[in-house]
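Undergrad: Below you'll find the structure I mean.
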Amino acid sequence: MSPAEPAGTTAPHGTVERLTGLVAALRDHGFGIGTGETVDAGHALEAVGFTDRERVREALAATLLHGERQRPVFDRVFDLYFPLGGGNDGDDGGRPALDGTAADLAELRERLAAALAADDGAALAQLAAEAVGGFGGYGSGPETDGWSSHQTLSRLRPETLLARVREARRSEEPEFADRLLDEEIRRRIEAFRERVRTEARQRVAERQGRDRVARRAVAGTADGVDFLLAGRAQLDELRRTVRPLARKLATRLAARRRRAARGEIDLRRTLRRSLSTGGVPVRPVLRRRRPGRPELVLLCDVSGSVAGFAQFTMLLVQALHDQFSRVRVFAFVNRVDEVTGLIARGAADPAGLGDRILAEAELTGRHGQSDYGTALGEFADRYAEAVGPRTVLFVLGDARTNRADPNLAALKRVADRARRVHWLNPEQPSLWGTGDSEAPAYAEIVDMRPCRNARQLGALIGRLLPV
Amino acid sequence: MTTGFFSSVDDVAERLATTGYLASRAVATTVFLADRLGKPLLVEGPAGVGKTELAKAVTEVTGARLVRLQCYEGVDESRALYEWNHAKQLLRITAGRGESWDETRTDIFSEEFLLARPLLTAIRSEEPTVLLVDETDKADIEVEGLLLEVLSDFQVTVPELGTIAATRRPFVVLTSNASRELSEALRRRCLFLHIGFPEEELERRIVTRKVPGLDAALAASVVRVVGALRAMDLRKAPSVSETIDWARTLLALGADRLDEGVVRDSLGVLLKHQEDIVRAAAKLDLDAV
């Protein structure tokens, strides 16, 4: 068989185009997929056949993916290129199409509650199709109309069915596991919402072309999400990546440490020794490394706009704490307070960390806006002992001072005491200096780098952390 | 070139089930593809979901021979690939004192003095073979380089002997806990399979299969509780092996249904960190532990 026709003769029409389109869309999402793997995917499709859609999905996942983190994006793109039922309009099944009246809505909610209670996958898929068909359409012209999952969900409001579903399930004999029921139903409802989103994306894709929707409407992997734009769900997802990321960084640090331990040539001692061999440096002397791990200090702006970024970094540093002799974390809005203890205890409940920091630490004075100048001044005065010649200080924040004095002298004082200072700014460099941002002024004193998503943060931390 | 163990995806699922390994759709499909395309299978997933078990089950149903390379930090060429038997070579040199050097040299670098380690053993094997490279992520990055030649071309180069190519392609399974990111080069050569926690229905079947004496309703409750624990943000979520352990514990305790006391007393079987236990107890409305 030639690689040009990997799908063979039994494949439905256009499979090769679908496959290459899927691969192109995945590449646009940053997946490294080579031609060899695409050919493998074709062979795989030929081997499993086209009778079972889920097998097709698994076959493509096995050949095209390199890690589990890519899976959610892959699933969404796959749904667009290999839609259920060969891409028809969905509302079949012998029922008349819904036209969006209140009676239809009530009837649909009734059936949805029953399907959720029975956890009937096929019925839920059917209902998602009907719901989008009946309540998700907007516009009337050929250019302006479309399908909206948001509109469908806000009219259908599946989350309000919780009580009804619970009633339907409760009729059986009560048992211990029933206290989990609410959580289970919530998870089912969330799964249904995702089905609706998939369905809407599919319909839009039929209208506007798959390639365009696959690139625009499918969110990327969590580690590529901009910290400043991330929603709550995305921050939760990010938080789950802290531990694996920390483990990875720890191995990287250990490797750097091993390499560094081999040392550089100590020129003075090599020359001294060469005297005994007539000035010829026969045996080079390597510089001995001082043992002992460096100290790390984190100074984070935790005010509203950059809180997600700060929390993620704090958790990451906490997870890495055994790599350093000491880790101290300070938080500020317009006053500084030490939160090291809060974070160490907070490892068990990372989701509530932000609220606890705001509740238990003294971070605000007369007003609630961030003020870098005052905070830096207070840090330099009150916590001067925290920064010494072995300390590496990371400052986290967008450097937006709300027009207050940036207090460059205080940062200068801290930078002079510390071994190194890095400033991680969650804004893109083109925004530095716009509005009330004092980033360029601070960047002249310390090394400032943009750090917009978890991927960048991981790379920066791996490179900048001292060994 | 295929290994030719299986005829279809259903065949994989059915035959694996006879050994007691209940495969999900993803597992069955990917194992079938690995067999059909003759590519190594890289299996990732949390501890205790049956990654190594999968290799063993495939070995069992195909009647193949299992060659296992257990990776650890510091595993090297002489442990993974081959080694010359120096002691025997010295004896040979001493024994043939009268010979010329050329004769001795060609003789001591022959098959007889070669100690085959797992990778070479699997390549040279004439019978059907399953090669299991366990915990690949524990090995140093250099060992990955070693694996590349073996996994892409199924051959091993011994400088003194030349290249030894596989006469029969082994079925290769690599497992990893993702404690280190494996290199792209290695991933490219493999089919990727992530085994996560199984779906409720499948896990129920696994539990009933592994713990035959367990009441069906109790098994269902057990799986539901474990599912809820996994949804919590725990340090170490309970895995399938822990579910089975818990089911066995409940059977041994003689519990015929779950209640607060039983769950509280046996939560330690499922969760391995004190903070997790405290957290789960709070969420499940158990009294103070």
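Ligands are numbered from 1 in the order shown, residues from 1 within each chain, and chains are lettered A, B, ... in the order they appear in the structure tokens.
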Contacts of B:Phe154 at 12 Å or less, counting only C-alpha atoms, minus same-chain residues fewer than 2 places along, as a PyMOL selection string?
TA: chain B and resi 1+38-40+119-125+131+146-152+156-157+163-172+189
Undergrad: Hey, can you spit out that residue selection with N, CA and C atoms as an mmCIF file, in the first residue's frame?
TA:
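This is the output file selection-v5.cif:
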```cif
data_model
loop_
_atom_site.group_PDB
_atom_site.id
_atom_site.type_symbol
_atom_site.label_atom_id
_atom_site.label_comp_id
_atom_site.auth_asym_id
_atom_site.auth_seq_id
_atom_site.Cartn_x
_atom_site.Cartn_y
_atom_site.Cartn_z
ATOM 1 N N MET B 1 5.393 -4.906 9.257
ATOM 2 C CA MET B 1 5.614 -6.187 9.951
ATOM 3 C C MET B 1 4.781 -6.213 11.237
ATOM 4 N N GLY B 38 2.850 -3.178 14.412
ATOM 5 C CA GLY B 38 4.182 -3.582 14.847
ATOM 6 C C GLY B 38 4.965 -2.464 15.491
ATOM 7 N N LYS B 39 4.255 -1.582 16.202
ATOM 8 C CA LYS B 39 4.957 -0.480 16.864
ATOM 9 C C LYS B 39 4.963 -0.704 18.369
ATOM 10 N N PRO B 40 5.971 -0.161 19.051
ATOM 11 C CA PRO B 40 5.988 -0.266 20.511
ATOM 12 C C PRO B 40 4.835 0.527 21.112
ATOM 13 N N LEU B 119 17.113 -6.367 26.357
ATOM 14 C CA LEU B 119 16.814 -5.851 25.015
ATOM 15 C C LEU B 119 17.345 -6.795 23.940
ATOM 16 N N LEU B 120 18.581 -7.258 24.090
ATOM 17 C CA LEU B 120 19.160 -8.158 23.097
ATOM 18 C C LEU B 120 18.431 -9.503 23.109
ATOM 19 N N THR B 121 18.106 -9.977 24.306
ATOM 20 C CA THR B 121 17.376 -11.235 24.413
ATOM 21 C C THR B 121 16.085 -11.180 23.613
ATOM 22 N N ALA B 122 15.351 -10.069 23.782
ATOM 23 C CA ALA B 122 14.062 -9.948 23.094
ATOM 24 C C ALA B 122 14.252 -9.886 21.588
ATOM 25 N N ILE B 123 15.292 -9.189 21.142
ATOM 26 C CA ILE B 123 15.537 -9.059 19.697
ATOM 27 C C ILE B 123 15.906 -10.410 19.092
ATOM 28 N N ARG B 124 16.712 -11.184 19.807
ATOM 29 C CA ARG B 124 17.213 -12.429 19.230
ATOM 30 C C ARG B 124 16.241 -13.593 19.365
ATOM 31 N N SER B 125 15.202 -13.366 20.158
ATOM 32 C CA SER B 125 14.322 -14.492 20.468
ATOM 33 C C SER B 125 13.634 -15.027 19.209
ATOM 34 N N LEU B 131 8.236 -7.782 25.111
ATOM 35 C CA LEU B 131 9.301 -7.067 25.814
ATOM 36 C C LEU B 131 8.657 -5.972 26.648
ATOM 37 N N LEU B 146 19.542 4.691 23.799
ATOM 38 C CA LEU B 146 19.788 3.272 23.567
ATOM 39 C C LEU B 146 18.538 2.575 23.035
ATOM 40 N N LEU B 147 17.405 2.975 23.607
ATOM 41 C CA LEU B 147 16.146 2.331 23.224
ATOM 42 C C LEU B 147 15.754 2.676 21.787
ATOM 43 N N LEU B 148 16.184 3.858 21.323
ATOM 44 C CA LEU B 148 15.697 4.329 20.026
ATOM 45 C C LEU B 148 16.004 3.333 18.912
ATOM 46 N N GLU B 149 17.240 2.859 18.843
ATOM 47 C CA GLU B 149 17.594 1.929 17.769
ATOM 48 C C GLU B 149 16.783 0.645 17.901
ATOM 49 N N VAL B 150 16.668 0.187 19.136
ATOM 50 C CA VAL B 150 15.947 -1.063 19.354
ATOM 51 C C VAL B 150 14.485 -0.925 18.939
ATOM 52 N N LEU B 151 13.871 0.217 19.305
ATOM 53 C CA LEU B 151 12.429 0.340 19.100
ATOM 54 C C LEU B 151 12.046 0.723 17.673
ATOM 55 N N SER B 152 12.907 1.460 16.973
ATOM 56 C CA SER B 152 12.487 1.866 15.633
ATOM 57 C C SER B 152 12.847 0.812 14.597
ATOM 58 N N VAL B 156 20.008 -4.411 17.091
ATOM 59 C CA VAL B 156 21.000 -4.021 18.068
ATOM 60 C C VAL B 156 22.351 -4.119 17.388
ATOM 61 N N THR B 157 23.177 -3.092 17.561
ATOM 62 C CA THR B 157 24.500 -3.141 16.952
ATOM 63 C C THR B 157 25.548 -3.439 18.017
ATOM 64 N N THR B 163 25.504 -5.984 13.232
ATOM 65 C CA THR B 163 24.145 -5.654 13.627
ATOM 66 C C THR B 163 23.292 -6.920 13.710
ATOM 67 N N ILE B 164 22.607 -7.037 14.829
ATOM 68 C CA ILE B 164 21.720 -8.183 15.006
ATOM 69 C C ILE B 164 20.292 -7.686 14.838
ATOM 70 N N ALA B 165 19.613 -8.151 13.790
ATOM 71 C CA ALA B 165 18.245 -7.709 13.556
ATOM 72 C C ALA B 165 17.281 -8.776 14.067
ATOM 73 N N ALA B 166 16.096 -8.319 14.443
ATOM 74 C CA ALA B 166 15.109 -9.251 14.982
ATOM 75 C C ALA B 166 14.606 -10.159 13.864
ATOM 76 N N THR B 167 14.553 -11.445 14.115
ATOM 77 C CA THR B 167 13.954 -12.351 13.138
ATOM 78 C C THR B 167 12.448 -12.330 13.313
ATOM 79 N N ARG B 168 12.036 -12.072 14.533
ATOM 80 C CA ARG B 168 10.630 -12.018 14.833
ATOM 81 C C ARG B 168 10.404 -10.812 15.722
ATOM 82 N N ARG B 169 9.544 -9.918 15.297
ATOM 83 C CA ARG B 169 9.393 -8.658 16.014
ATOM 84 C C ARG B 169 8.702 -8.899 17.359
ATOM 85 N N PRO B 170 9.326 -8.460 18.452
ATOM 86 C CA PRO B 170 8.647 -8.628 19.742
ATOM 87 C C PRO B 170 7.530 -7.594 19.915
ATOM 88 N N PHE B 171 6.572 -7.913 20.751
ATOM 89 C CA PHE B 171 5.518 -6.967 21.127
ATOM 90 C C PHE B 171 6.076 -6.154 22.284
ATOM 91 N N VAL B 172 6.290 -4.840 22.069
ATOM 92 C CA VAL B 172 6.990 -4.044 23.072
ATOM 93 C C VAL B 172 6.018 -3.162 23.848
ATOM 94 N N ARG B 189 8.254 7.242 18.279
ATOM 95 C CA ARG B 189 8.386 5.871 17.796
ATOM 96 C C ARG B 189 7.340 4.935 18.381
#
```
Undergrad: Would you kindly return, as JSON, numbers by chain, each protein, DNA or RNA residue with an atom no farther than 9 Å from any atom of stretch 222-239 of chain B, considering only C-alpha atoms and excluding same-chain residues fewer than 4 positions away?
TA: {"A": [176, 177, 180, 183, 184, 240, 243, 348, 349, 350, 351], "B": [46, 47, 48, 49, 197, 199, 200, 201, 203, 204, 207, 217, 218, 243, 244, 246, 247, 258, 270, 271, 272, 273, 275, 276, 279, 280, 283, 284]}
Undergrad: Please determine the contact residues of chain B with respect to chain A at a cut-off of 7 Å, counting only C-alpha atoms, and supply them as a list of chain:residue names.
TA: B:Ala26, B:Thr29, B:Thr30, B:Leu33, B:Ser179, B:Arg180, B:Arg187, B:Leu191, B:Phe192, B:Leu193, B:His194, B:Ser221, B:Arg224, B:Val225, B:Ala228, B:Leu258, B:Asp259, B:Glu275
Undergrad: Create the file for the chosen residues now, containing C-alpha atoms and written as an mmCIF file, in the first residue's frame.
TA:
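As written to disk, out-v1.cif reads:
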```cif
data_model
loop_
_atom_site.group_PDB
_atom_site.id
_atom_site.type_symbol
_atom_site.label_atom_id
_atom_site.label_comp_id
_atom_site.auth_asym_id
_atom_site.auth_seq_id
_atom_site.Cartn_x
_atom_site.Cartn_y
_atom_site.Cartn_z
ATOM 1 C CA ALA B 26 -9.058 2.586 24.440
ATOM 2 C CA THR B 29 -8.008 -0.610 20.359
ATOM 3 C CA THR B 30 -4.472 0.524 21.079
ATOM 4 C CA LEU B 33 -2.972 -1.355 16.731
ATOM 5 C CA SER B 179 7.912 11.437 36.763
ATOM 6 C CA ARG B 180 10.158 12.670 33.976
ATOM 7 C CA ARG B 187 7.374 9.181 21.953
ATOM 8 C CA LEU B 191 1.858 4.377 20.035
ATOM 9 C CA PHE B 192 0.652 6.370 22.999
ATOM 10 C CA LEU B 193 -1.848 4.990 25.461
ATOM 11 C CA HIS B 194 -2.951 6.724 28.619
ATOM 12 C CA SER B 221 -21.353 1.505 46.349
ATOM 13 C CA ARG B 224 -19.237 5.182 43.682
ATOM 14 C CA VAL B 225 -17.361 6.213 46.824
ATOM 15 C CA ALA B 228 -16.241 10.626 44.547
ATOM 16 C CA LEU B 258 -21.385 0.617 53.575
ATOM 17 C CA ASP B 259 -22.076 2.775 56.577
ATOM 18 C CA GLU B 275 -4.307 15.073 55.192
#
```
Undergrad: Would you kindly return, as a PyMOL selection string, each protein, DNA or RNA residue with an atom no farther than 7 Å from any atom of A:Val329, considering only C-alpha atoms and excluding same-chain residues fewer than 2 positions away?
TA: chain A and resi 297-299+327+331+338-340
Undergrad: If DSSP is run on the backbone, what residues of stretch 218-273 of chain B are alpha helix (DSSP H)? A reply as a PyMOL selection string would be ideal.
TA: chain B and resi 218-231+240-253+260-270
Undergrad: Just to be explicit: take each residue in the selection above, keep C-alpha atoms, and write the result as a PDB file, in the first residue's frame.
TA:
```
ATOM      1  CA  LEU B 218     -21.806  -3.351  47.764  1.00  0.00           C
ATOM      2  CA  ALA B 219     -19.439  -3.367  44.786  1.00  0.00           C
ATOM      3  CA  ALA B 220     -21.515  -0.624  43.190  1.00  0.00           C
ATOM      4  CA  SER B 221     -21.353   1.505  46.349  1.00  0.00           C
ATOM      5  CA  VAL B 222     -17.619   0.921  46.668  1.00  0.00           C
ATOM      6  CA  VAL B 223     -17.040   2.145  43.137  1.00  0.00           C
ATOM      7  CA  ARG B 224     -19.237   5.182  43.682  1.00  0.00           C
ATOM      8  CA  VAL B 225     -17.361   6.213  46.824  1.00  0.00           C
ATOM      9  CA  VAL B 226     -14.011   5.763  45.103  1.00  0.00           C
ATOM     10  CA  GLY B 227     -15.273   7.827  42.172  1.00  0.00           C
ATOM     11  CA  ALA B 228     -16.241  10.626  44.547  1.00  0.00           C
ATOM     12  CA  LEU B 229     -12.822  10.500  46.232  1.00  0.00           C
ATOM     13  CA  ARG B 230     -11.125  10.836  42.860  1.00  0.00           C
ATOM     14  CA  ALA B 231     -13.149  13.944  42.106  1.00  0.00           C
ATOM     15  CA  VAL B 240      -7.882   0.591  40.831  1.00  0.00           C
ATOM     16  CA  SER B 241      -5.569  -1.521  42.937  1.00  0.00           C
ATOM     17  CA  GLU B 242      -6.698   0.425  46.017  1.00  0.00           C
ATOM     18  CA  THR B 243     -10.342  -0.102  45.085  1.00  0.00           C
ATOM     19  CA  ILE B 244      -9.721  -3.840  44.937  1.00  0.00           C
ATOM     20  CA  ASP B 245      -7.829  -3.761  48.237  1.00  0.00           C
ATOM     21  CA  TRP B 246     -10.710  -1.904  49.828  1.00  0.00           C
ATOM     22  CA  ALA B 247     -13.253  -4.361  48.470  1.00  0.00           C
ATOM     23  CA  ARG B 248     -11.165  -7.233  49.878  1.00  0.00           C
ATOM     24  CA  THR B 249     -10.945  -5.442  53.232  1.00  0.00           C
ATOM     25  CA  LEU B 250     -14.715  -4.978  53.345  1.00  0.00           C
ATOM     26  CA  LEU B 251     -15.181  -8.640  52.531  1.00  0.00           C
ATOM     27  CA  ALA B 252     -12.781  -9.629  55.300  1.00  0.00           C
ATOM     28  CA  LEU B 253     -14.550  -7.318  57.753  1.00  0.00           C
ATOM     29  CA  GLU B 260     -20.235   5.546  58.338  1.00  0.00           C
ATOM     30  CA  GLY B 261     -18.361   3.351  60.780  1.00  0.00           C
ATOM     31  CA  VAL B 262     -17.070   0.924  58.179  1.00  0.00           C
ATOM     32  CA  VAL B 263     -15.952   3.663  55.822  1.00  0.00           C
ATOM     33  CA  ARG B 264     -14.236   5.590  58.599  1.00  0.00           C
ATOM     34  CA  ASP B 265     -12.355   2.543  59.849  1.00  0.00           C
ATOM     35  CA  SER B 266     -11.191   1.399  56.437  1.00  0.00           C
ATOM     36  CA  LEU B 267     -10.457   4.720  54.743  1.00  0.00           C
ATOM     37  CA  GLY B 268      -6.751   4.126  55.354  1.00  0.00           C
ATOM     38  CA  VAL B 269      -6.806   1.343  52.787  1.00  0.00           C
ATOM     39  CA  LEU B 270      -7.820   3.803  50.090  1.00  0.00           C
TER      40      LEU B 270
END
```
Undergrad: Give me the residues near A:Gln456 as a ChimeraX atom specification, where near means some atom within 9 Å (using only C-alpha atoms) and where sequence neighbours in that chain fewer than 6 positions away do not count.
TA: /A:223-224,450
Undergrad: Neighbouring residues of stretch 204-209 of chain A were defined as those with any atom within 7 Å, considering only C-alpha atoms; residues of the same chain fewer than 3 positions away were excluded. Please report them as a PDB file with C-alpha atoms, in the first residue's frame.
TA:
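Full text of result-v8.pdb as output:
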```pdb
ATOM      1  CA  LEU A  80     -15.530  18.467  14.560  1.00  0.00           C
ATOM      2  CA  GLY A 146     -25.531  30.499  13.843  1.00  0.00           C
ATOM      3  CA  TRP A 147     -25.804  28.220  16.811  1.00  0.00           C
ATOM      4  CA  ALA A 200     -23.129  23.756  18.850  1.00  0.00           C
ATOM      5  CA  ARG A 201     -19.519  23.795  17.641  1.00  0.00           C
ATOM      6  CA  ARG A 212     -11.999  27.803  10.948  1.00  0.00           C
ATOM      7  CA  VAL A 213     -13.951  26.564  13.968  1.00  0.00           C
TER       8      VAL A 213
END
```
Undergrad: May I ask for the distance between atom CA of B:Leu174 and atom CA of B:Arg205, given in Å to one decimal place?
TA: 26.1 Å
Undergrad: List the neighbours of B:Cys71 out to 6 Å using only C-alpha atoms; skip same-chain residues closer than 5 positions along the sequence, and give me the result as a VMD selection string.
TA: chain B and resid 134 to 136 138 to 139
Undergrad: Quick one: residues within 10 Å of stretch 119-125 of chain A, only C-alpha atoms counted, chain neighbours fewer than 5 positions away excluded, as a short mmCIF file (atom, residue, chain, number, x, y, z; two decimals) with C-alpha atoms, in the first residue's frame?
TA:
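As a result, result_26.cif now contains:
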```
data_model
loop_
_atom_site.label_atom_id
_atom_site.label_comp_id
_atom_site.auth_asym_id
_atom_site.auth_seq_id
_atom_site.Cartn_x
_atom_site.Cartn_y
_atom_site.Cartn_z
CA LEU A 84 -21.57 11.79 15.07
CA GLY A 90 -29.16 16.06 14.45
CA ARG A 111 -36.90 14.35 29.43
CA LEU A 112 -33.47 15.71 30.35
CA ALA A 113 -34.13 15.12 34.06
CA ALA A 114 -35.14 11.53 33.33
CA GLU A 130 -32.46 18.66 20.12
CA ALA A 131 -31.69 21.41 22.60
CA ILE A 185 -25.49 14.60 39.41
CA ARG A 188 -23.43 14.50 34.88
CA ILE A 189 -24.92 17.92 34.28
CA ALA A 191 -20.93 16.49 31.06
CA PHE A 192 -24.24 17.35 29.42
CA ARG A 195 -22.17 17.80 24.98
CA VAL A 196 -24.21 20.87 24.16
CA GLU A 199 -23.03 19.99 19.37
#
```
Undergrad: Quick check, in Å to one decimal: how far apart do atom CA of A:Glu237 and atom CA of A:Ala307 lie?
TA: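 Atom-to-atom, atom CA of A:Glu237 and atom CA of A:Ala307 are spaced 15.5 Å apart.
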Undergrad: Give the strand (DSSP E) residues of stretch 89-289 of chain B, as assigned by DSSP on the backbone, as a list in words.
TA: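 Of stretch 89-289 of chain B, only Leu114, Leu115, Ala116, Thr129, Val130, Leu131, Leu132, Val133, Asp134, Gln155, Val156, Thr157, Val158, Gly162, Thr163, Ile164, Ala165, Phe171, Val172, Val173, Leu174, Thr175, Ser176, Leu191, Phe192, Leu193 and His194 of chain B fall in strand (DSSP E).
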